[in-house]
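Have a look at the structure below, then the notes.
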Amino acid sequence: MSSDSWQIAGMADRGILPSVLGDRSRYDTPTYGILLSAGGVLCLGWLTFGDVVAMLNLLYCYGQLIEFAAFLYLRISRPDIPRPYRIPISTSGMAVFLLGPSIFIFIVIYFSSRTAFVLSCILWLLGGLLYKLLDVAKQHNWCHFQERFSRSNSCSVLLTPS
């Protein structure tokens, strides 16, 4: 719960979530992040430990598939953008290279329990809907989004090879 609450506060600090979710207590703990994380844990209370672990593994698998697809998509659609590190394999070679892990991920998905599969699919879809809702909220100014830290300063320093 602690790492989840700090991730929520960090996303609010970056302007991804409404800025109220980044509010801290007098002890500098992310109050709303802790409440949201605790609420999520309470919602999973009816599941067995095995189902919770399986569902989290499936959500991680979905995330990996999205990362693989984004990696290949950016290599094809934006081959000339500056990158701090390059993999010296062609795009088709990388597609073949990522085929093995992708097959393994689909095997994990196939052998998961029905409960874990259904819940992870529901949570995955809810995440997509929440993303769209936050995008609409930003466009219509339904809530306040504020970026407290400059992306150019933090990311460029960390990603620049020495």
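How things are named: the first chain in the structure tokens is A, the next is B, and so on; residues count from 1 in each chain; ligands count from 1 in the order shown.
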For Phe111 of chain A, work out the shell of residues within 12 Å, counting only C-alpha atoms and skipping chain neighbours fewer than 6 positions away, then give it as number ranges by chain. A: 54-55, 57-58, 104-105, 117
At a cut-off of 12 Å, can you tabulate as JSON lines every residue of segment 82-122 of chain A near segment 50-53 of chain A together with its closest atom pair and the distance in Å to one decimal, using only C-alpha atoms and ordering rows by chain then number?
```
{"residue": "A:Ser112", "atom": "CA", "partner": "A:Asp51", "partner_atom": "CA", "distance": 8.9}
{"residue": "A:Ser113", "atom": "CA", "partner": "A:Asp51", "partner_atom": "CA", "distance": 7.3}
{"residue": "A:Arg114", "atom": "CA", "partner": "A:Asp51", "partner_atom": "CA", "distance": 9.2}
{"residue": "A:Thr115", "atom": "CA", "partner": "A:Asp51", "partner_atom": "CA", "distance": 6.9}
{"residue": "A:Ala116", "atom": "CA", "partner": "A:Asp51", "partner_atom": "CA", "distance": 5.5}
{"residue": "A:Phe117", "atom": "CA", "partner": "A:Asp51", "partner_atom": "CA", "distance": 9.2}
{"residue": "A:Val118", "atom": "CA", "partner": "A:Asp51", "partner_atom": "CA", "distance": 10.8}
{"residue": "A:Leu119", "atom": "CA", "partner": "A:Asp51", "partner_atom": "CA", "distance": 9.4}
{"residue": "A:Ser120", "atom": "CA", "partner": "A:Val52", "partner_atom": "CA", "distance": 9.6}
```
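Using only C-alpha atoms, the shortest contact distance between Leu65 of chain A and any of A:Val41, A:Ile103, A:Ile34, A:Leu126 is found at A:Ile103.
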Atomic separation - atom CA of Leu74 of chain A relative to atom CA of Ile109 of chain A, Å: 25.6 Å
